[in-house]
Amino acid sequence: MEAYKNFSDVKDSTSSEEHPRVVLPALCHKFYGLGWMYGTGGALSIKCGDKLFTTPSGVNKDLVKGEDLFVTTVDGVDIVGPSPEKRLSKSTCTPLINAIYTKQKGVGAVYHLHNTGAVMVSMLSPGVEFRITHQKLIQGIKKSNSEKHFDYYDTLIVPIVENKSTEDEIVDSLLNAMRDYPETSAVIIRRHGMYVWGPTWQRAKGMAECYEYLFNVAVKMKQLGLDPEAIPVPPEGAYT
């Protein structure tokens with residue numbers, strides 16, 4: 001695999017400000033600050049034309065640089081990689097990220113996050129689903145199989161799959177969850193984190209934020225004895 005030299009080593013129509021080598025390090029720094037990518041955990045990927053730019057394994061995510069990214073085809077063929085002197089390796093999340101790009105139409109970005117909200121709701125949801133309804137930010141979630149967004153009145157369902165000791169062992173579970181829940185734009189990995197995807201890096205980022213908000217609301221509701229799935233009944237005299 002050829003080592004990265006400069007921005008001109010990968011030809012595309014993306015402006016310098018929107019280039020994955022600029023965007024991905026900035027997102028890593030932001031998500032690290034939010035507590036979603038502590039240590040070397042997690043991975044981010046952006047599709048640019050027919051190329052995938054993905055963050056490496058073995059480096060603290062707040063320290064990721066543009067030159068550290070691995071560039072491959074959707075089929076996993078290596079195009080450009082970091083300098084061998086850096087001794088970086090492909091993310092262990094790569095098989096799952098590639099599976100999402102392959103099975104989901106129109107995906108432009110995939111994020112694997114170790115966000116606390118996803119971990120908490122996975123432990124508070126004994127079944128295979130996280131469910132919540134009648135929350136405004138549900139409308140920030142796009143349906144993966146269409147251009148439509150979920151509505152305030154909808155019950156948002158996010159499938160939960162079981163964690164394994166290595167990422168590649170989760171691929172089949174992820175594929176089955178996407179098959180069984182064609183509208184979902186995220187899958188929760190129990191006691192681990194989540195995968196979230198969208199048509200652009202901006203929309204994937206926005207949905208990641210909405211999901212985390214909804215997860216945290218659900219946790220607080222349960223702490224107060226409230227049911228996130230229950231349809232609220234307006235009080236008498238409410239301005240409806």
# chains A, B, ... in the order shown; residues from 1 in each chain; ligands from 1
call {"tool": "closest_atom_pairs", "arguments": {"of": "range 49-157 of chain A", "to": "range 200-210 of chain A", "cutoff": "9 Å", "atoms": "only C-alpha atoms", "output": "Markdown table"}}
result
| residue | atom | partner | partner_atom | distance |
| --- | --- | --- | --- | --- |
| A:Gly106 | CA | A:Thr200 | CA | 8.8 |
| A:Val107 | CA | A:Thr200 | CA | 7.0 |
| A:Gly108 | CA | A:Thr200 | CA | 4.6 |
| A:Ala109 | CA | A:Trp201 | CA | 5.0 |
| A:Val110 | CA | A:Ala204 | CA | 7.1 |
| A:Tyr111 | CA | A:Ala204 | CA | 7.6 |
| A:Leu113 | CA | A:Ala208 | CA | 8.7 |
| A:Leu137 | CA | A:Cys210 | CA | 5.8 |
| A:Ile138 | CA | A:Cys210 | CA | 7.2 |
| A:Gln139 | CA | A:Cys210 | CA | 8.8 |
| A:Gly140 | CA | A:Met207 | CA | 6.2 |
| A:Ile141 | CA | A:Met207 | CA | 5.6 |
| A:Lys142 | CA | A:Met207 | CA | 7.6 |
call {"tool": "residues_around", "arguments": {"residues": "Glu212 in chain A", "least_positions_apart": "3", "cutoff": "12 Å", "atoms": "only C-alpha atoms", "output": "PyMOL selection string"}}
result
chain A and resi 31+34-36+113-121+137-138+140-141+158+186+188+193-196+205-209+215-219
call {"tool": "select_by_dssp", "arguments": {"residues": "range 3-222 of chain A", "states": "strand (DSSP E or B)", "output": "MDAnalysis selection string"}}
result
chainID A and resid 3 43:48 51:54 56:57 70:73 78:81 89:90 109:113 129:133 142 149 155:161 186:189 193:198
call {"tool": "write_last_selection", "arguments": {"atoms": "C-alpha atoms", "output": "short mmCIF file (atom, residue, chain, number, x, y, z; two decimals), in the first residue's frame"}}
result
data_model
loop_
_atom_site.label_atom_id
_atom_site.label_comp_id
_atom_site.auth_asym_id
_atom_site.auth_seq_id
_atom_site.Cartn_x
_atom_site.Cartn_y
_atom_site.Cartn_z
CA ALA A 3 2.11 5.82 1.86
CA ALA A 43 -13.61 4.89 14.51
CA LEU A 44 -14.88 7.39 11.95
CA SER A 45 -15.18 6.99 8.20
CA ILE A 46 -16.21 9.22 5.30
CA LYS A 47 -16.91 8.14 1.74
CA CYS A 48 -15.50 10.46 -0.91
CA LYS A 51 -12.89 5.94 -1.71
CA LEU A 52 -13.31 5.40 2.01
CA PHE A 53 -11.27 7.47 4.45
CA THR A 54 -11.10 5.82 7.87
CA PRO A 56 -6.61 4.29 12.31
CA SER A 57 -6.34 2.00 15.30
CA PHE A 70 -6.35 4.81 5.70
CA VAL A 71 -7.85 5.12 2.22
CA THR A 72 -9.49 2.05 0.68
CA THR A 73 -12.16 1.06 -1.78
CA ASP A 78 -5.92 -0.52 -0.02
CA ILE A 79 -5.17 2.70 -1.88
CA VAL A 80 -3.16 4.95 0.44
CA GLY A 81 -2.05 4.57 4.03
CA SER A 89 -2.88 -0.17 11.66
CA LYS A 90 -6.35 -0.26 10.17
CA ALA A 109 -20.30 8.50 6.58
CA VAL A 110 -20.15 5.87 9.33
CA TYR A 111 -19.20 6.52 12.96
CA HIS A 112 -18.44 3.99 15.68
CA LEU A 113 -18.75 5.71 19.05
CA GLU A 129 -34.53 -2.96 21.10
CA PHE A 130 -34.24 0.54 22.46
CA ARG A 131 -37.59 2.36 22.12
CA ILE A 132 -38.68 5.93 22.77
CA THR A 133 -41.56 8.11 21.59
CA LYS A 142 -33.44 10.02 9.14
CA HIS A 149 -37.33 11.47 8.92
CA THR A 155 -41.76 5.25 18.27
CA LEU A 156 -38.07 5.30 17.44
CA ILE A 157 -36.61 1.80 17.57
CA VAL A 158 -32.87 1.09 17.61
CA PRO A 159 -31.78 -2.56 17.50
CA ILE A 160 -29.34 -3.85 20.13
CA VAL A 161 -26.83 -6.60 19.37
CA ALA A 186 -27.95 3.11 14.04
CA VAL A 187 -27.22 -0.13 15.85
CA ILE A 188 -26.36 -0.31 19.55
CA ILE A 189 -23.68 -2.76 20.70
CA GLY A 193 -21.30 1.71 22.07
CA MET A 194 -23.03 2.27 18.75
CA TYR A 195 -22.66 2.51 14.98
CA VAL A 196 -24.47 5.38 13.29
CA TRP A 197 -24.50 6.35 9.62
CA GLY A 198 -25.93 8.94 7.26
#
call {"tool": "closest_residue", "arguments": {"among": "A:Lys86, A:His134, A:Glu162, A:Pro199", "to": "Leu214 in chain A", "atoms": "only C-alpha atoms"}}
result
A:His134
call {"tool": "closest_residue", "arguments": {"among": "A:Ala238, A:Val128, A:Met178, A:Val64", "to": "Ile100 in chain A", "atoms": "only C-alpha atoms"}}
result
A:Met178
call {"tool": "atom_distance", "arguments": {"atom1": "CA of Pro25 in chain A", "atom2": "CA of Lys65 in chain A"}}
result
5.6 Å
call {"tool": "residues_around", "arguments": {"residues": "range 145-148 of chain A", "least_positions_apart": "4", "cutoff": "9 Å", "atoms": "only C-alpha atoms", "output": "PDB file with N, CA and C atoms, in the first residue's frame"}}
result
ATOM      1  N   GLN A 104     -26.105  -0.667   3.039  1.00  0.00           N
ATOM      2  CA  GLN A 104     -26.993   0.485   3.125  1.00  0.00           C
ATOM      3  C   GLN A 104     -26.766   1.402   1.922  1.00  0.00           C
ATOM      4  N   LYS A 105     -27.839   1.776   1.252  1.00  0.00           N
ATOM      5  CA  LYS A 105     -27.718   2.630   0.072  1.00  0.00           C
ATOM      6  C   LYS A 105     -27.510   4.092   0.474  1.00  0.00           C
ATOM      7  N   ILE A 141     -33.799  12.226  13.291  1.00  0.00           N
ATOM      8  CA  ILE A 141     -33.296  10.932  12.829  1.00  0.00           C
ATOM      9  C   ILE A 141     -33.884  10.594  11.464  1.00  0.00           C
ATOM     10  N   PRO A 182     -34.921  -2.242   8.696  1.00  0.00           N
ATOM     11  CA  PRO A 182     -34.442  -1.509   7.510  1.00  0.00           C
ATOM     12  C   PRO A 182     -34.501   0.006   7.644  1.00  0.00           C
ATOM     13  N   GLU A 183     -35.308   0.534   8.575  1.00  0.00           N
ATOM     14  CA  GLU A 183     -35.391   1.984   8.737  1.00  0.00           C
ATOM     15  C   GLU A 183     -34.290   2.547   9.622  1.00  0.00           C
ATOM     16  N   THR A 184     -33.619   1.708  10.385  1.00  0.00           N
ATOM     17  CA  THR A 184     -32.685   2.219  11.376  1.00  0.00           C
ATOM     18  C   THR A 184     -31.434   2.825  10.742  1.00  0.00           C
ATOM     19  N   SER A 185     -30.950   3.891  11.361  1.00  0.00           N
ATOM     20  CA  SER A 185     -29.684   4.511  10.962  1.00  0.00           C
ATOM     21  C   SER A 185     -28.632   4.318  12.043  1.00  0.00           C
TER      22      SER A 185
END
call {"tool": "select_by_dssp", "arguments": {"residues": "range 97-165 of chain A", "states": "helix (DSSP H, G or I)", "output": "PyMOL selection string"}}
result
chain A and resi 97-103+116-124+136-140
call {"tool": "write_last_selection", "arguments": {"atoms": "C-alpha atoms", "output": "tab-separated table (two decimals), in the first residue's frame"}}
result
chain	number	residue	atom	x	y	z
A	97	ILE	CA	-17.89	-0.08	8.64
A	98	ASN	CA	-17.48	-1.74	5.24
A	99	ALA	CA	-20.55	-3.89	5.88
A	100	ILE	CA	-22.65	-0.77	6.50
A	101	TYR	CA	-21.40	0.93	3.33
A	102	THR	CA	-22.09	-2.24	1.35
A	103	LYS	CA	-25.57	-3.02	2.67
A	116	THR	CA	-22.15	6.56	27.47
A	117	GLY	CA	-25.80	6.98	26.52
A	118	ALA	CA	-25.74	3.98	24.18
A	119	VAL	CA	-23.98	1.84	26.77
A	120	MET	CA	-26.46	2.79	29.51
A	121	VAL	CA	-29.63	2.17	27.48
A	122	SER	CA	-28.24	-1.16	26.32
A	123	MET	CA	-28.06	-2.26	29.95
A	124	LEU	CA	-31.47	-0.80	30.83
A	136	LYS	CA	-38.76	16.35	19.68
A	137	LEU	CA	-35.30	15.16	18.63
A	138	ILE	CA	-36.76	11.96	17.20
A	139	GLN	CA	-37.42	14.19	14.19
A	140	GLY	CA	-33.67	14.61	13.76
call {"tool": "atom_distance", "arguments": {"atom1": "CA of His29 in chain A", "atom2": "CA of Pro82 in chain A"}}
result
18.9 Å
call {"tool": "closest_residue", "arguments": {"among": "A:Gly76, A:Phe150, A:Thr240, A:Gln135", "to": "Met221 in chain A", "atoms": "only C-alpha atoms"}}
result
A:Gln135
call {"tool": "decode", "arguments": {"residues": "range 198-211 of chain A", "atoms": "all heavy atoms", "output": "PDB file, in the first residue's frame"}}
result
ATOM      1  N   GLY A 198     -25.065   8.002   7.949  1.00  0.00           N
ATOM      2  CA  GLY A 198     -25.926   8.945   7.260  1.00  0.00           C
ATOM      3  C   GLY A 198     -25.412   9.238   5.870  1.00  0.00           C
ATOM      4  O   GLY A 198     -24.305   8.825   5.502  1.00  0.00           O
ATOM      5  N   PRO A 199     -26.188   9.984   5.073  1.00  0.00           N
ATOM      6  CA  PRO A 199     -25.806  10.267   3.688  1.00  0.00           C
ATOM      7  C   PRO A 199     -24.607  11.200   3.556  1.00  0.00           C
ATOM      8  O   PRO A 199     -23.934  11.193   2.531  1.00  0.00           O
ATOM      9  CB  PRO A 199     -27.063  10.895   3.098  1.00  0.00           C
ATOM     10  CG  PRO A 199     -27.803  11.440   4.268  1.00  0.00           C
ATOM     11  CD  PRO A 199     -27.517  10.508   5.407  1.00  0.00           C
ATOM     12  N   THR A 200     -24.359  12.029   4.572  1.00  0.00           N
ATOM     13  CA  THR A 200     -23.195  12.917   4.584  1.00  0.00           C
ATOM     14  C   THR A 200     -22.589  12.892   5.981  1.00  0.00           C
ATOM     15  O   THR A 200     -23.238  12.461   6.945  1.00  0.00           O
ATOM     16  CB  THR A 200     -23.575  14.372   4.250  1.00  0.00           C
ATOM     17  OG1 THR A 200     -24.432  14.877   5.301  1.00  0.00           O
ATOM     18  CG2 THR A 200     -24.309  14.460   2.914  1.00  0.00           C
ATOM     19  N   TRP A 201     -21.359  13.392   6.090  1.00  0.00           N
ATOM     20  CA  TRP A 201     -20.745  13.408   7.423  1.00  0.00           C
ATOM     21  C   TRP A 201     -21.487  14.356   8.348  1.00  0.00           C
ATOM     22  O   TRP A 201     -21.583  14.119   9.557  1.00  0.00           O
ATOM     23  CB  TRP A 201     -19.261  13.763   7.332  1.00  0.00           C
ATOM     24  CG  TRP A 201     -18.921  15.181   6.943  1.00  0.00           C
ATOM     25  CD1 TRP A 201     -18.596  15.645   5.696  1.00  0.00           C
ATOM     26  CD2 TRP A 201     -18.853  16.322   7.824  1.00  0.00           C
ATOM     27  NE1 TRP A 201     -18.338  16.995   5.744  1.00  0.00           N
ATOM     28  CE2 TRP A 201     -18.479  17.440   7.040  1.00  0.00           C
ATOM     29  CE3 TRP A 201     -19.055  16.508   9.189  1.00  0.00           C
ATOM     30  CZ2 TRP A 201     -18.313  18.718   7.578  1.00  0.00           C
ATOM     31  CZ3 TRP A 201     -18.895  17.778   9.730  1.00  0.00           C
ATOM     32  CH2 TRP A 201     -18.529  18.863   8.930  1.00  0.00           C
ATOM     33  N   GLN A 202     -22.046  15.436   7.773  1.00  0.00           N
ATOM     34  CA  GLN A 202     -22.779  16.389   8.611  1.00  0.00           C
ATOM     35  C   GLN A 202     -24.053  15.771   9.178  1.00  0.00           C
ATOM     36  O   GLN A 202     -24.368  15.956  10.366  1.00  0.00           O
ATOM     37  CB  GLN A 202     -23.131  17.643   7.802  1.00  0.00           C
ATOM     38  CG  GLN A 202     -21.925  18.452   7.322  1.00  0.00           C
ATOM     39  CD  GLN A 202     -21.520  18.105   5.898  1.00  0.00           C
ATOM     40  OE1 GLN A 202     -21.717  16.967   5.452  1.00  0.00           O
ATOM     41  NE2 GLN A 202     -20.978  19.081   5.176  1.00  0.00           N
ATOM     42  N   ARG A 203     -24.790  15.055   8.335  1.00  0.00           N
ATOM     43  CA  ARG A 203     -26.054  14.472   8.802  1.00  0.00           C
ATOM     44  C   ARG A 203     -25.804  13.298   9.750  1.00  0.00           C
ATOM     45  O   ARG A 203     -26.574  13.091  10.705  1.00  0.00           O
ATOM     46  CB  ARG A 203     -26.910  14.059   7.612  1.00  0.00           C
ATOM     47  CG  ARG A 203     -27.374  15.269   6.779  1.00  0.00           C
ATOM     48  CD  ARG A 203     -28.218  14.880   5.591  1.00  0.00           C
ATOM     49  NE  ARG A 203     -29.567  14.478   5.995  1.00  0.00           N
ATOM     50  CZ  ARG A 203     -30.506  14.119   5.119  1.00  0.00           C
ATOM     51  NH1 ARG A 203     -30.238  14.102   3.814  1.00  0.00           N
ATOM     52  NH2 ARG A 203     -31.705  13.760   5.541  1.00  0.00           N
ATOM     53  N   ALA A 204     -24.740  12.552   9.518  1.00  0.00           N
ATOM     54  CA  ALA A 204     -24.388  11.486  10.463  1.00  0.00           C
ATOM     55  C   ALA A 204     -24.016  12.079  11.818  1.00  0.00           C
ATOM     56  O   ALA A 204     -24.390  11.542  12.867  1.00  0.00           O
ATOM     57  CB  ALA A 204     -23.235  10.656   9.906  1.00  0.00           C
ATOM     58  N   LYS A 205     -23.307  13.190  11.806  1.00  0.00           N
ATOM     59  CA  LYS A 205     -22.941  13.877  13.043  1.00  0.00           C
ATOM     60  C   LYS A 205     -24.193  14.347  13.780  1.00  0.00           C
ATOM     61  O   LYS A 205     -24.334  14.150  15.001  1.00  0.00           O
ATOM     62  CB  LYS A 205     -22.037  15.071  12.733  1.00  0.00           C
ATOM     63  CG  LYS A 205     -21.754  16.000  13.910  1.00  0.00           C
ATOM     64  CD  LYS A 205     -20.868  17.148  13.471  1.00  0.00           C
ATOM     65  CE  LYS A 205     -20.705  18.186  14.572  1.00  0.00           C
ATOM     66  NZ  LYS A 205     -21.963  18.933  14.829  1.00  0.00           N
ATOM     67  N   GLY A 206     -25.114  14.968  13.048  1.00  0.00           N
ATOM     68  CA  GLY A 206     -26.339  15.448  13.667  1.00  0.00           C
ATOM     69  C   GLY A 206     -27.154  14.322  14.267  1.00  0.00           C
ATOM     70  O   GLY A 206     -27.712  14.457  15.371  1.00  0.00           O
ATOM     71  N   MET A 207     -27.237  13.193  13.551  1.00  0.00           N
ATOM     72  CA  MET A 207     -27.994  12.067  14.087  1.00  0.00           C
ATOM     73  C   MET A 207     -27.316  11.457  15.300  1.00  0.00           C
ATOM     74  O   MET A 207     -27.985  11.045  16.259  1.00  0.00           O
ATOM     75  CB  MET A 207     -28.218  11.016  12.998  1.00  0.00           C
ATOM     76  CG  MET A 207     -29.297  11.425  12.000  1.00  0.00           C
ATOM     77  SD  MET A 207     -29.885  10.064  10.976  1.00  0.00           S
ATOM     78  CE  MET A 207     -28.500   9.893   9.851  1.00  0.00           C
ATOM     79  N   ALA A 208     -25.990  11.395  15.297  1.00  0.00           N
ATOM     80  CA  ALA A 208     -25.276  10.889  16.474  1.00  0.00           C
ATOM     81  C   ALA A 208     -25.615  11.723  17.698  1.00  0.00           C
ATOM     82  O   ALA A 208     -25.843  11.192  18.800  1.00  0.00           O
ATOM     83  CB  ALA A 208     -23.774  10.896  16.214  1.00  0.00           C
ATOM     84  N   GLU A 209     -25.690  13.036  17.515  1.00  0.00           N
ATOM     85  CA  GLU A 209     -26.025  13.932  18.621  1.00  0.00           C
ATOM     86  C   GLU A 209     -27.465  13.726  19.082  1.00  0.00           C
ATOM     87  O   GLU A 209     -27.749  13.722  20.290  1.00  0.00           O
ATOM     88  CB  GLU A 209     -25.776  15.375  18.199  1.00  0.00           C
ATOM     89  CG  GLU A 209     -24.313  15.685  17.960  1.00  0.00           C
ATOM     90  CD  GLU A 209     -24.069  16.993  17.228  1.00  0.00           C
ATOM     91  OE1 GLU A 209     -25.054  17.583  16.699  1.00  0.00           O
ATOM     92  OE2 GLU A 209     -22.911  17.418  17.167  1.00  0.00           O
ATOM     93  N   CYS A 210     -28.381  13.551  18.129  1.00  0.00           N
ATOM     94  CA  CYS A 210     -29.790  13.322  18.481  1.00  0.00           C
ATOM     95  C   CYS A 210     -29.955  11.994  19.222  1.00  0.00           C
ATOM     96  O   CYS A 210     -30.687  11.914  20.217  1.00  0.00           O
ATOM     97  CB  CYS A 210     -30.663  13.343  17.237  1.00  0.00           C
ATOM     98  SG  CYS A 210     -30.864  14.982  16.493  1.00  0.00           S
ATOM     99  N   TYR A 211     -29.306  10.956  18.719  1.00  0.00           N
ATOM    100  CA  TYR A 211     -29.388   9.660  19.389  1.00  0.00           C
ATOM    101  C   TYR A 211     -28.887   9.763  20.825  1.00  0.00           C
ATOM    102  O   TYR A 211     -29.531   9.268  21.759  1.00  0.00           O
ATOM    103  CB  TYR A 211     -28.562   8.616  18.637  1.00  0.00           C
ATOM    104  CG  TYR A 211     -29.263   7.952  17.476  1.00  0.00           C
ATOM    105  CD1 TYR A 211     -28.751   8.059  16.188  1.00  0.00           C
ATOM    106  CD2 TYR A 211     -30.419   7.190  17.665  1.00  0.00           C
ATOM    107  CE1 TYR A 211     -29.381   7.439  15.110  1.00  0.00           C
ATOM    108  CE2 TYR A 211     -31.046   6.568  16.597  1.00  0.00           C
ATOM    109  CZ  TYR A 211     -30.525   6.693  15.323  1.00  0.00           C
ATOM    110  OH  TYR A 211     -31.156   6.076  14.260  1.00  0.00           O
TER     111      TYR A 211
END
